[in-house]
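Visitor: Contents are compact mmCIF, C-alpha atoms; file name entry32.txt:
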```txt
# COMPACT_ATOMS: atom_id res chain seq x y z
CA MET A 479 0.00 0.00 0.00
CA GLU A 480 1.37 3.37 -1.01
CA PRO A 481 2.23 5.76 1.84
CA ASP A 482 0.01 8.45 0.33
CA LEU A 483 -3.11 6.32 0.72
CA HIS A 484 -2.25 5.68 4.36
CA ALA A 485 -1.76 9.41 4.94
CA ARG A 486 -5.05 10.32 3.25
CA LEU A 487 -6.99 7.76 5.26
CA ALA A 488 -5.34 8.99 8.47
CA ALA A 489 -6.32 12.56 7.60
CA GLU A 490 -9.93 11.51 6.94
CA ILE A 491 -10.13 9.70 10.28
CA ALA A 492 -8.64 12.71 12.09
CA ALA A 493 -11.14 15.04 10.38
CA ARG A 494 -13.98 12.85 11.68
CA ARG A 495 -12.85 12.80 15.31
CA ASP A 496 -15.75 14.96 16.52
CA SER A 497 -18.16 12.81 14.53
CA LEU A 498 -16.68 9.67 16.09
CA ILE A 499 -17.22 11.10 19.57
CA ALA A 500 -20.77 12.25 18.82
CA LEU A 501 -21.73 8.93 17.22
CA THR A 502 -20.40 6.97 20.20
CA GLN A 503 -22.27 9.22 22.61
CA ASP A 504 -25.51 8.89 20.64
CA LEU A 505 -25.25 5.09 20.69
CA ILE A 506 -24.55 4.98 24.44
CA ARG A 507 -27.55 7.23 25.09
CA ILE A 508 -29.88 4.60 23.60
CA PRO A 509 -30.19 2.20 26.58
CA THR A 510 -30.37 -1.13 24.75
CA LEU A 511 -30.54 -3.22 27.92
CA ASN A 512 -30.54 -6.99 27.63
CA PRO A 513 -32.52 -8.42 29.32
CA PRO A 514 -35.23 -7.73 28.44
CA GLY A 515 -34.29 -6.13 25.10
CA ARG A 516 -35.07 -2.45 25.42
CA HIS A 517 -34.78 0.09 22.57
CA TYR A 518 -33.55 -2.42 19.99
CA ARG A 519 -35.71 -0.93 17.26
CA GLU A 520 -34.67 2.61 18.22
CA ILE A 521 -30.94 1.94 17.76
CA CYS A 522 -31.55 0.05 14.52
CA ASP A 523 -33.62 2.94 13.15
CA TYR A 524 -30.91 5.43 14.19
CA LEU A 525 -28.20 3.47 12.39
CA SER A 526 -30.35 2.77 9.35
CA ASP A 527 -31.10 6.48 8.94
CA ARG A 528 -27.42 7.42 9.22
CA LEU A 529 -26.15 4.78 6.81
CA SER A 530 -28.92 5.04 4.23
CA ALA A 531 -28.12 8.76 3.96
CA GLN A 532 -24.60 7.68 2.92
CA GLY A 533 -25.78 5.41 0.12
CA TYR A 534 -26.15 2.14 2.00
CA VAL A 535 -29.10 -0.14 1.35
CA THR A 536 -30.37 -1.06 4.80
CA ALA A 537 -32.57 -3.83 6.12
CA LEU A 538 -34.25 -4.18 9.50
CA VAL A 539 -34.57 -7.85 10.38
CA ARG A 540 -36.63 -9.13 13.29
CA ALA A 541 -35.51 -12.53 14.57
CA GLU A 542 -39.04 -13.86 14.91
CA GLY A 543 -39.32 -17.00 16.98
CA SER A 544 -35.81 -16.73 18.39
CA PRO A 545 -35.21 -17.07 22.16
CA GLY A 546 -36.38 -13.85 23.84
CA ASP A 547 -38.32 -12.52 20.86
CA SER A 548 -41.85 -11.38 21.64
CA ASP A 549 -44.22 -8.63 20.61
CA ALA A 550 -43.26 -6.82 23.81
CA TRP A 551 -39.51 -7.26 23.22
CA PRO A 552 -38.88 -7.90 19.51
CA ARG A 553 -35.33 -8.85 18.52
CA TRP A 554 -34.40 -6.26 15.89
CA ASN A 555 -31.21 -6.30 13.81
CA MET A 556 -29.90 -3.87 11.21
CA VAL A 557 -27.79 -4.78 8.16
CA ALA A 558 -26.48 -2.12 5.76
CA ARG A 559 -24.67 -2.76 2.47
CA ARG A 560 -22.85 -0.37 0.15
CA ASP A 561 -21.73 -1.78 -3.18
CA GLY A 562 -18.61 -0.47 -4.84
CA ALA A 563 -18.01 0.67 -8.40
CA ARG A 564 -16.93 -2.75 -9.64
CA PRO A 565 -17.15 -6.41 -8.64
CA GLY A 566 -15.11 -7.70 -5.74
CA GLU A 567 -15.32 -9.24 -2.29
CA CYS A 568 -17.43 -8.11 0.67
CA VAL A 569 -16.02 -6.97 4.02
CA HIS A 570 -18.57 -7.14 6.84
CA PHE A 571 -18.28 -5.35 10.19
CA ASN A 572 -20.54 -6.96 12.79
CA SER A 573 -21.25 -5.35 16.18
CA HIS A 574 -23.83 -6.23 18.79
CA HIS A 575 -25.98 -3.34 19.95
CA ASP A 576 -27.22 -4.81 23.23
CA VAL A 577 -25.66 -4.04 26.61
CA VAL A 578 -25.82 -5.74 30.01
CA GLU A 579 -27.51 -4.39 33.12
CA VAL A 580 -26.03 -1.31 34.75
CA GLY A 581 -25.26 -2.81 38.17
CA HIS A 582 -24.03 -0.81 41.15
CA GLY A 583 -21.00 1.36 41.81
CA TRP A 584 -21.28 3.95 39.06
CA THR A 585 -20.01 7.49 39.59
CA ARG A 586 -21.15 8.62 36.10
CA ASP A 587 -24.49 8.53 34.33
CA PRO A 588 -24.50 5.03 32.77
CA PHE A 589 -26.32 6.34 29.71
CA GLY A 590 -24.94 9.86 29.65
CA GLY A 591 -22.12 9.31 27.17
CA GLU A 592 -19.98 11.74 29.18
CA LEU A 593 -16.71 12.83 27.56
CA ASP A 594 -13.95 13.41 30.12
CA GLY A 595 -10.54 13.98 28.58
CA ASP A 596 -9.90 11.11 26.18
CA ARG A 597 -12.59 8.86 27.68
CA ILE A 598 -16.26 8.40 26.86
CA TYR A 599 -18.17 6.82 29.75
CA GLY A 600 -21.32 4.72 29.72
CA ARG A 601 -22.73 1.22 29.70
CA GLY A 602 -21.69 -0.30 26.40
CA ALA A 603 -19.01 2.31 25.69
CA CYS A 604 -16.35 -0.37 25.61
CA ASP A 605 -18.53 -3.41 24.91
CA MET A 606 -19.12 -2.55 22.15
CA LYS A 607 -20.65 0.69 20.94
CA GLY A 608 -17.21 2.26 20.63
CA GLY A 609 -16.25 -0.51 18.22
CA LEU A 610 -19.47 -0.07 16.24
CA ALA A 611 -18.83 3.66 15.92
CA ALA A 612 -15.21 3.07 14.90
CA SER A 613 -16.26 0.69 12.12
CA ILE A 614 -18.74 3.22 10.74
CA ILE A 615 -16.17 6.03 10.76
CA ALA A 616 -13.62 3.69 9.14
CA ALA A 617 -16.03 2.94 6.31
CA GLU A 618 -16.86 6.63 5.85
CA ALA A 619 -13.19 7.56 5.61
CA PHE A 620 -12.43 4.72 3.19
CA VAL A 621 -15.28 5.61 0.83
CA ALA A 622 -14.23 9.28 0.88
CA VAL A 623 -10.68 8.38 -0.17
CA CYS A 624 -11.49 5.40 -2.44
CA PRO A 625 -14.94 6.06 -3.98
CA ASP A 626 -14.31 3.62 -6.84
CA PHE A 627 -13.57 0.65 -4.59
CA ALA A 628 -14.32 -2.90 -5.66
CA GLY A 629 -16.75 -5.23 -3.92
CA ALA A 630 -18.97 -4.19 -1.02
CA ILE A 631 -18.95 -2.99 2.59
CA GLU A 632 -21.50 -4.26 5.07
CA ILE A 633 -22.15 -3.00 8.59
CA SER A 634 -24.48 -4.81 10.96
CA ALA A 635 -25.80 -4.07 14.44
CA THR A 636 -27.23 -7.20 15.98
CA ALA A 637 -29.20 -8.25 19.05
CA ASP A 638 -28.60 -10.42 22.06
CA GLU A 639 -24.88 -11.22 21.89
CA GLU A 640 -24.82 -10.81 25.65
CA SER A 641 -27.34 -13.65 25.99
CA GLY A 642 -25.98 -16.02 23.35
CA GLY A 643 -26.65 -14.19 20.09
CA TYR A 644 -29.61 -16.33 19.04
CA GLY A 645 -31.83 -13.33 18.34
CA GLY A 646 -29.02 -11.67 16.38
CA VAL A 647 -26.11 -13.20 14.49
CA ALA A 648 -27.35 -16.79 14.83
CA TYR A 649 -30.67 -15.84 13.23
CA LEU A 650 -28.99 -13.84 10.47
CA ALA A 651 -26.59 -16.71 9.78
CA GLU A 652 -29.51 -19.14 9.51
CA GLN A 653 -31.09 -16.78 6.96
CA GLY A 654 -27.92 -16.74 4.84
CA TRP A 655 -26.63 -13.25 5.61
CA PHE A 656 -23.12 -14.62 6.33
CA ASP A 657 -23.04 -17.12 3.48
CA PRO A 658 -19.50 -17.24 2.02
CA ASP A 659 -20.98 -16.56 -1.43
CA ARG A 660 -22.07 -13.07 -0.33
CA VAL A 661 -19.59 -12.21 2.48
CA GLN A 662 -15.88 -13.04 2.31
CA HIS A 663 -14.34 -11.22 5.31
CA VAL A 664 -15.84 -10.51 8.75
CA LEU A 665 -14.46 -8.26 11.50
CA ILE A 666 -16.20 -8.10 14.88
CA PRO A 667 -15.07 -4.94 16.75
CA GLU A 668 -15.15 -6.47 20.24
CA PRO A 669 -12.97 -4.68 22.85
CA LEU A 670 -9.89 -6.88 22.71
CA HIS A 671 -7.25 -4.10 22.61
CA LYS A 672 -6.26 -2.22 19.46
CA ASP A 673 -3.00 -4.14 18.96
CA ARG A 674 -4.56 -7.62 19.20
CA ILE A 675 -6.27 -9.85 16.67
CA CYS A 676 -8.64 -12.33 18.28
CA LEU A 677 -8.73 -15.52 16.24
CA GLY A 678 -11.52 -17.26 18.14
CA HIS A 679 -12.66 -18.50 21.51
CA ARG A 680 -12.81 -21.47 23.86
CA GLY A 681 -15.81 -23.76 23.99
CA VAL A 682 -18.57 -23.64 26.58
CA TRP A 683 -21.00 -26.13 28.06
CA TRP A 684 -23.67 -24.98 30.50
CA ALA A 685 -25.73 -27.58 32.30
CA GLU A 686 -28.10 -27.86 35.23
CA VAL A 687 -27.51 -30.64 37.74
CA GLU A 688 -30.40 -31.48 40.04
CA THR A 689 -30.17 -33.77 43.03
CA LYS A 690 -33.36 -35.35 44.31
CA GLY A 691 -34.56 -36.01 47.83
CA ARG A 692 -37.76 -36.55 49.81
CA ILE A 693 -39.64 -33.87 51.71
CA ALA A 694 -40.34 -34.34 55.43
CA HIS A 695 -40.82 -32.29 58.56
CA GLY A 696 -37.63 -30.50 59.60
CA SER A 697 -37.96 -31.84 63.15
CA MET A 698 -37.83 -35.39 61.78
CA PRO A 699 -35.31 -35.20 58.94
CA PHE A 700 -34.67 -38.93 59.21
CA LEU A 701 -38.09 -39.43 57.58
CA GLY A 702 -36.94 -37.53 54.51
CA ASP A 703 -33.87 -37.31 52.35
CA SER A 704 -32.11 -33.99 51.89
CA ALA A 705 -31.32 -33.08 48.28
CA ILE A 706 -29.05 -30.34 49.62
CA ARG A 707 -26.88 -32.91 51.44
CA HIS A 708 -26.70 -34.90 48.22
CA MET A 709 -25.64 -31.75 46.36
CA GLY A 710 -22.99 -31.20 49.02
CA ALA A 711 -21.54 -34.58 48.01
CA VAL A 712 -21.56 -33.46 44.37
CA LEU A 713 -19.69 -30.27 45.24
CA GLU A 714 -17.17 -32.24 47.28
CA GLU A 715 -16.50 -34.55 44.33
CA ILE A 716 -16.06 -31.58 42.02
CA GLU A 717 -13.52 -30.10 44.43
CA ARG A 718 -11.72 -33.38 45.05
CA LYS A 719 -11.65 -34.85 41.54
CA LEU A 720 -12.79 -32.53 38.78
CA TYR A 721 -10.93 -29.31 39.58
CA PRO A 722 -7.56 -31.10 39.85
CA LEU A 723 -8.25 -32.84 36.53
CA LEU A 724 -9.09 -29.56 34.76
CA ALA A 725 -5.87 -27.99 36.05
CA THR A 726 -3.90 -30.56 34.04
CA LYS A 727 -5.55 -29.62 30.73
CA ARG A 728 -3.64 -26.96 28.79
CA THR A 729 -4.11 -25.56 25.31
CA ALA A 730 -1.86 -24.41 22.50
CA MET A 731 -4.47 -21.75 21.69
CA PRO A 732 -3.15 -18.26 22.55
CA VAL A 733 -5.92 -17.67 25.10
CA VAL A 734 -5.76 -14.55 27.25
CA PRO A 735 -5.47 -14.13 30.16
CA GLU A 736 -2.97 -16.84 31.03
CA GLY A 737 -5.27 -18.50 33.56
CA ALA A 738 -7.75 -19.33 30.79
CA ARG A 739 -5.24 -21.53 28.95
CA GLN A 740 -6.45 -24.37 31.11
CA SER A 741 -9.93 -25.86 31.25
CA THR A 742 -12.18 -24.17 33.79
CA LEU A 743 -15.44 -24.80 35.62
CA ASN A 744 -17.60 -22.24 37.39
CA ILE A 745 -20.68 -22.99 39.48
CA ASN A 746 -22.97 -20.18 38.38
CA SER A 747 -25.75 -20.71 40.90
CA ILE A 748 -27.19 -23.01 43.54
CA HIS A 749 -30.82 -23.31 44.61
CA GLY A 750 -32.26 -25.78 47.10
CA GLY A 751 -35.23 -26.29 49.32
CA GLU A 752 -37.85 -23.60 49.73
CA ALA A 753 -38.00 -20.67 47.36
CA GLU A 754 -36.60 -17.34 48.50
CA ALA A 755 -39.16 -15.26 50.37
CA GLU A 756 -40.70 -12.27 48.64
CA PRO A 757 -39.04 -8.91 49.46
CA GLY A 758 -40.56 -7.49 52.62
CA PHE A 759 -41.77 -10.82 54.00
CA THR A 760 -40.99 -10.94 57.73
CA GLY A 761 -42.13 -14.45 58.60
CA LEU A 762 -40.05 -17.56 59.17
CA PRO A 763 -39.54 -20.34 56.63
CA ALA A 764 -41.45 -23.59 57.02
CA PRO A 765 -39.51 -26.53 58.53
CA CYS A 766 -39.05 -28.85 55.55
CA VAL A 767 -36.39 -31.22 54.28
CA ALA A 768 -35.32 -30.12 50.81
CA ASP A 769 -36.53 -32.48 48.09
CA ARG A 770 -34.74 -30.68 45.24
CA CYS A 771 -31.41 -28.88 44.82
CA ARG A 772 -30.01 -27.49 41.59
CA ILE A 773 -26.71 -26.05 40.41
CA VAL A 774 -25.84 -24.51 37.06
CA ILE A 775 -22.32 -25.27 35.87
CA ASP A 776 -20.32 -23.29 33.32
CA ARG A 777 -17.60 -25.48 31.82
CA ARG A 778 -15.12 -23.78 29.45
CA PHE A 779 -13.16 -26.22 27.33
CA LEU A 780 -10.28 -26.20 24.87
CA ILE A 781 -9.98 -26.90 21.17
CA GLU A 782 -8.00 -30.03 22.05
CA GLU A 783 -10.96 -31.42 24.04
CA ASP A 784 -13.95 -33.37 22.74
CA LEU A 785 -17.36 -32.17 23.95
CA PRO A 786 -18.79 -35.65 24.65
CA ALA A 787 -15.71 -36.38 26.77
CA VAL A 788 -16.19 -33.07 28.61
CA LYS A 789 -19.74 -34.08 29.48
CA ALA A 790 -18.64 -37.60 30.42
CA GLU A 791 -16.34 -36.19 33.11
CA VAL A 792 -19.38 -34.81 34.92
CA THR A 793 -21.74 -37.71 34.29
CA GLY A 794 -19.03 -40.15 35.41
CA LEU A 795 -18.69 -38.28 38.68
CA LEU A 796 -22.47 -38.28 39.21
CA ASP A 797 -22.86 -41.94 38.30
CA GLY A 798 -20.09 -42.81 40.75
CA LEU A 799 -22.03 -41.10 43.54
CA LYS A 800 -25.20 -42.89 42.51
CA ALA A 801 -23.44 -46.22 42.79
CA GLU A 802 -21.93 -45.60 46.21
CA ARG A 803 -24.24 -43.15 48.04
CA PRO A 804 -27.56 -44.48 49.43
CA GLY A 805 -30.61 -42.67 48.08
CA PHE A 806 -28.61 -40.54 45.63
CA ASP A 807 -30.36 -39.69 42.37
CA TYR A 808 -29.87 -36.86 39.91
CA SER A 809 -30.90 -35.38 36.58
CA LEU A 810 -28.69 -33.48 34.14
CA ARG A 811 -30.06 -30.97 31.66
CA ASP A 812 -28.04 -29.35 28.89
CA LEU A 813 -28.58 -25.58 28.71
CA PHE A 814 -26.06 -24.26 26.21
CA GLU A 815 -23.07 -25.54 24.28
CA VAL A 816 -20.60 -24.02 21.84
CA ARG A 817 -17.57 -25.72 20.37
CA PRO A 818 -14.27 -23.80 20.21
CA VAL A 819 -13.45 -21.91 17.02
CA MET A 820 -10.16 -20.48 15.79
CA THR A 821 -9.45 -18.80 12.47
CA ALA A 822 -6.12 -19.72 10.87
CA ALA A 823 -3.37 -17.18 11.50
CA ASP A 824 -2.68 -16.98 7.75
CA ALA A 825 -6.31 -16.27 6.78
CA PRO A 826 -6.69 -13.21 4.51
CA VAL A 827 -8.47 -11.02 7.07
CA VAL A 828 -5.85 -11.88 9.71
CA ARG A 829 -2.93 -11.01 7.43
CA SER A 830 -4.54 -7.76 6.32
CA THR A 831 -5.39 -6.65 9.86
CA ALA A 832 -1.94 -7.57 11.17
CA ALA A 833 -0.27 -5.48 8.46
CA ALA A 834 -2.56 -2.52 9.25
CA ILE A 835 -1.87 -2.73 13.00
CA GLU A 836 1.87 -2.70 12.38
CA ARG A 837 1.52 0.27 10.03
CA VAL A 838 -0.65 2.32 12.42
CA LEU A 839 0.86 1.38 15.79
CA GLY A 840 4.41 0.52 14.80
CA ARG A 841 4.37 -2.88 16.51
CA VAL A 842 3.63 -6.45 15.60
CA ALA A 843 0.03 -7.51 16.23
CA GLU A 844 -0.55 -10.09 18.95
CA HIS A 845 -2.72 -13.07 18.07
CA VAL A 846 -5.04 -14.04 20.93
CA VAL A 847 -8.04 -16.23 21.68
CA SER A 848 -10.91 -15.13 23.94
CA PRO A 849 -11.65 -17.04 27.16
CA GLY A 850 -15.39 -16.58 26.56
CA THR A 851 -17.49 -16.90 23.46
CA TYR A 852 -18.84 -14.15 21.23
CA ASP A 853 -20.71 -14.10 17.93
CA GLN A 854 -17.90 -15.64 15.88
CA LYS A 855 -19.35 -18.99 16.97
CA HIS A 856 -22.45 -18.45 14.86
CA ILE A 857 -20.64 -16.96 11.87
CA ASP A 858 -18.29 -19.95 11.86
CA ARG A 859 -20.67 -22.82 12.70
CA ILE A 860 -23.95 -21.69 11.14
CA GLY A 861 -22.74 -19.23 8.51
CA ARG A 862 -19.80 -21.44 7.44
CA MET A 863 -17.67 -18.27 7.25
CA LYS A 864 -14.17 -19.17 8.46
CA ASN A 865 -12.44 -15.91 7.50
CA CYS A 866 -13.59 -14.09 10.63
CA ILE A 867 -11.83 -12.33 13.51
CA ALA A 868 -12.58 -10.02 16.41
CA TYR A 869 -10.70 -6.73 16.30
CA GLY A 870 -11.68 -3.48 17.95
CA PRO A 871 -10.92 -0.69 20.42
CA GLY A 872 -11.34 -0.90 24.17
CA LEU A 873 -9.91 -2.79 27.11
CA LEU A 874 -11.61 -6.13 27.69
CA HIS A 875 -11.45 -5.94 31.49
CA LEU A 876 -13.67 -2.81 31.45
CA ALA A 877 -16.60 -4.69 29.90
CA HIS A 878 -19.61 -5.06 32.24
CA GLN A 879 -17.89 -2.94 34.92
CA PRO A 880 -19.17 0.24 36.61
CA ASP A 881 -17.85 3.44 34.99
CA GLU A 882 -17.18 1.54 31.75
CA TRP A 883 -15.35 3.70 29.23
CA VAL A 884 -13.70 3.70 25.82
CA GLY A 885 -10.76 5.85 24.75
CA VAL A 886 -11.25 8.27 21.85
CA GLN A 887 -7.70 7.78 20.58
CA ASP A 888 -8.09 4.02 20.76
CA MET A 889 -11.23 4.27 18.64
CA ALA A 890 -9.50 6.55 16.16
CA ASP A 891 -6.49 4.22 15.87
CA SER A 892 -8.74 1.20 15.43
CA ALA A 893 -10.81 3.04 12.84
CA LEU A 894 -7.64 3.72 10.85
CA VAL A 895 -6.67 0.05 11.08
CA MET A 896 -10.13 -0.92 9.79
CA ALA A 897 -9.93 1.62 6.97
CA LEU A 898 -6.53 0.22 5.93
CA VAL A 899 -8.03 -3.28 5.94
CA LEU A 900 -10.77 -2.06 3.59
CA ALA A 901 -8.15 -0.46 1.34
CA ASP A 902 -6.17 -3.70 1.23
CA LEU A 903 -9.10 -6.04 0.62
CA LEU A 904 -11.28 -3.81 -1.58
CA GLY A 905 -8.90 -1.22 -2.99
```
Have the structure of the file written as structure tokens, please.

Guide:
Amino acid sequence: MEPDLHARLAAEIAARRDSLIALTQDLIRIPTLNPPGRHYREICDYLSDRLSAQGYVTALVRAEGSPGDSDAWPRWNMVARRDGARPGECVHFNSHHDVVEVGHGWTRDPFGGELDGDRIYGRGACDMKGGLAASIIAAEAFVAVCPDFAGAIEISATADEESGGYGGVAYLAEQGWFDPDRVQHVLIPEPLHKDRICLGHRGVWWAEVETKGRIAHGSMPFLGDSAIRHMGAVLEEIERKLYPLLATKRTAMPVVPEGARQSTLNINSIHGGEAEAEPGFTGLPAPCVADRCRIVIDRRFLIEEDLPAVKAEVTGLLDGLKAERPGFDYSLRDLFEVRPVMTAADAPVVRSTAAAIERVLGRVAEHVVSPGTYDQKHIDRIGRMKNCIAYGPGLLHLAHQPDEWVGVQDMADSALVMALVLADLLG
């Protein structure tokens, strides 16, 4: 790439700095909370209006029938496409528009979009409305400098990534929007640091384990059978056998942070016995032996592991207890599973992004893998699009935190990287 093109793209990005800030603030100020799915249509309409004014053909797609979709909370997605002057490949920027709950501990307005120095604060600033804004500014700058580009640019804003992506990218992939015949390169501007290329993610298996007992009066527990005591035995076995086993499993995937290079298990929740009392109730609980106890487990596994074997580690532990512990019985229910994905380091979009990062930042790009999943899983597995990465501004550890923020310079640098990628792949 000639130096002059780099300089012109950099100048265009710099000239749009105020627009980048304003766009990010506008997006943050639309409180697209998931759950339940607030203001999805509002943010899609906002983006559709902005992009259609720039010559994009836009579509609003409701993921009817997907998990969470209802007339009260419809799952809206926006896809915009701008075709170039001549045939070529398509580069697609995909960002999720939903954000998680606010939580406690904020010192700023979570939906104020406050600019303080180089930082823009708000829920979703980092994860990932800053990345969405950067991709739009990158496309604007590229089209201004290279109006006769080949191929096409697509920008999407999709629902529900924070709750699995089934009302967003998964639905669009099922409908063919990511078919390799129409899209050849995908960048997801997740906040994984501006000098990193995320090639993929670990796998995940969520399941609910329920132990079963028999209800009785709490003054005569010997007439019942406590499901909570049985669950205590399950937790003891997990501590004694499963956690040490997982600590021995290591991956060659460049997962960050370092602790995630081994297999992990988290117990997300535990519920047993009587239901929690309603807020404000001042009475005492009834004296009953618990006849049910449930835990939800979150097992993250490596590309070297086989999912049936991952499940067998847990079922083997439970079956062992059933064989040796009087009265022990259980049920196991799958909730969610995703196999690991990892794009090849020599894939076209990886090579192009790495070259752009080195040009903009003056250092070699780091290849990483995410400890948790994101929407690449659906683009890869359902859409059959392997040439996909996550690359965007923001610091991953700020996601879902109080006083979440994104840096303006980080967004500008990432936007220039994205514009250089467009110039390389569509120039």

Visitor: Just the residues within 12 Å of Leu701 of chain A, please, counting only C-alpha atoms, with nothing from its chain fewer than 3 positions along; format it as number ranges by chain.

Guide: A: 691-698, 704, 766-769

Visitor: Can I get the selection written as an mmCIF file, in the coordinates of the input, with C-alpha atoms?

Guide:
```cif
data_model
loop_
_atom_site.group_PDB
_atom_site.id
_atom_site.type_symbol
_atom_site.label_atom_id
_atom_site.label_comp_id
_atom_site.auth_asym_id
_atom_site.auth_seq_id
_atom_site.Cartn_x
_atom_site.Cartn_y
_atom_site.Cartn_z
ATOM 1 C CA GLY A 691 -34.560 -36.010 47.830
ATOM 2 C CA ARG A 692 -37.760 -36.550 49.810
ATOM 3 C CA ILE A 693 -39.640 -33.870 51.710
ATOM 4 C CA ALA A 694 -40.340 -34.340 55.430
ATOM 5 C CA HIS A 695 -40.820 -32.290 58.560
ATOM 6 C CA GLY A 696 -37.630 -30.500 59.600
ATOM 7 C CA SER A 697 -37.960 -31.840 63.150
ATOM 8 C CA MET A 698 -37.830 -35.390 61.780
ATOM 9 C CA SER A 704 -32.110 -33.990 51.890
ATOM 10 C CA CYS A 766 -39.050 -28.850 55.550
ATOM 11 C CA VAL A 767 -36.390 -31.220 54.280
ATOM 12 C CA ALA A 768 -35.320 -30.120 50.810
ATOM 13 C CA ASP A 769 -36.530 -32.480 48.090
#
```

Visitor: Which value, in Å to one decimal, gives the distance between atom CA of Arg507 of chain A and atom CA of Phe589 of chain A?

Guide: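 Those two atoms sit 4.9 Å apart.
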
Visitor: From the set A:Glu717, A:Glu652, A:Asp807, A:Asp657, which residue has the shortest atom-to-atom contact distance to Glu688 of chain A, counting all atoms listed in the file?

Guide: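 Residue with the minimum atom-to-atom distance to Glu688 of chain A: A:Asp807.
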
Visitor: Interatomic distance between atom CA of Cys604 of chain A and atom CA of Asp576 of chain A?

Guide: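 Computing the Euclidean distance for atom CA of Cys604 of chain A and atom CA of Asp576 of chain A yields 12.0 Å.
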
Visitor: Write out as a list in words each polymer residue whose atoms come within 12 Å of Pro722 of chain A, counting only C-alpha atoms; drop sequence neighbours fewer than 5 positions from it.

Guide: Glu715, Ile716, Glu717, Lys727, Gln740, Ser741, Thr742 and Leu743 of chain A

Visitor: Selection from above, C-alpha atoms, as an mmCIF file, keeping the file's coordinate frame, can you write it?

Guide:
```
data_model
loop_
_atom_site.group_PDB
_atom_site.id
_atom_site.type_symbol
_atom_site.label_atom_id
_atom_site.label_comp_id
_atom_site.auth_asym_id
_atom_site.auth_seq_id
_atom_site.Cartn_x
_atom_site.Cartn_y
_atom_site.Cartn_z
ATOM 1 C CA GLU A 715 -16.500 -34.550 44.330
ATOM 2 C CA ILE A 716 -16.060 -31.580 42.020
ATOM 3 C CA GLU A 717 -13.520 -30.100 44.430
ATOM 4 C CA LYS A 727 -5.550 -29.620 30.730
ATOM 5 C CA GLN A 740 -6.450 -24.370 31.110
ATOM 6 C CA SER A 741 -9.930 -25.860 31.250
ATOM 7 C CA THR A 742 -12.180 -24.170 33.790
ATOM 8 C CA LEU A 743 -15.440 -24.800 35.620
#
```

Visitor: When you draw a straight line from atom CA of Arg486 of chain A to atom CA of Ala619 of chain A, how long is it in Å?

Guide: 8.9 Å

Visitor: From the set A:Ala787, A:Val734, A:Ala877, A:Met556, which residue has the shortest atom-to-atom contact distance to Pro849 of chain A, counting only C-alpha atoms?

Guide: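 Between A:Ala787, A:Val734, A:Ala877, A:Met556, the residue approaching Pro849 of chain A most closely is A:Val734.
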
Visitor: At a cut-off of 9 Å, using all atoms listed in the file, what residues contact Glu632 of chain A? Leave out same-chain residues fewer than 3 positions from it and give the result as a VMD selection string.

Guide: chain A and resid 534 557 to 561 568 to 572 661

Visitor: Quick one: of A:Ser526, A:Arg674, A:Arg811, A:Val847, who's nearest to Pro735 of chain A, counting all atoms listed in the file?

Guide: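 So, comparing all the options, the nearest one is A:Val847.
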
Visitor: For Arg728 of chain A, which residue out of A:Gly643, A:Trp684, A:Cys771, A:Leu780 is the nearest one, using only C-alpha atoms?

Guide: A:Leu780

Visitor: Closest to His484 of chain A among A:Cys624, A:Asp527, A:Val580, A:Leu724, using all atoms listed in the file?

Guide: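 Closest candidate: A:Cys624.
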
Visitor: Counting all atoms listed in the file, which of A:Ser573, A:Gln662, A:Ser544, A:Gln503 gets nearest to Glu592 of chain A?

Guide: A:Gln503

Visitor: For the interface of segment 644-687 of chain A with segment 822-828 of chain A (cut-off 8 Å, counting all atoms listed in the file), please tabulate each contacting residue of segment 644-687 of chain A alongside its nearest pair of atoms and their separation in Å to one decimal, rows sorted by chain and increasing number, as a tab-separated table.

Guide:
```
residue	atom	partner	partner_atom	distance
A:His663	CA	A:Val827	CA	6.1
A:Val664	CA	A:Val827	CA	7.6
A:Leu665	CA	A:Val827	CA	7.9
A:Ile675	CA	A:Val828	CA	7.3
A:Leu677	CA	A:Ala822	CA	7.3
```

Visitor: Residues within 6 Å of Ala893 of chain A, please, as a PyMOL selection string. Count all atoms listed in the file; anything in the same chain fewer than 5 positions from it doesn't count.

Guide: chain A and resi 612-613+616

Visitor: Can you tell me, as number ranges by chain, what residues are no more than 10 Å from Val838 of chain A when counting only C-alpha atoms, ignoring any on the same chain fewer than 4 positions away?

Guide: A: 484, 488, 673, 833-834, 891-892, 894-895, 898
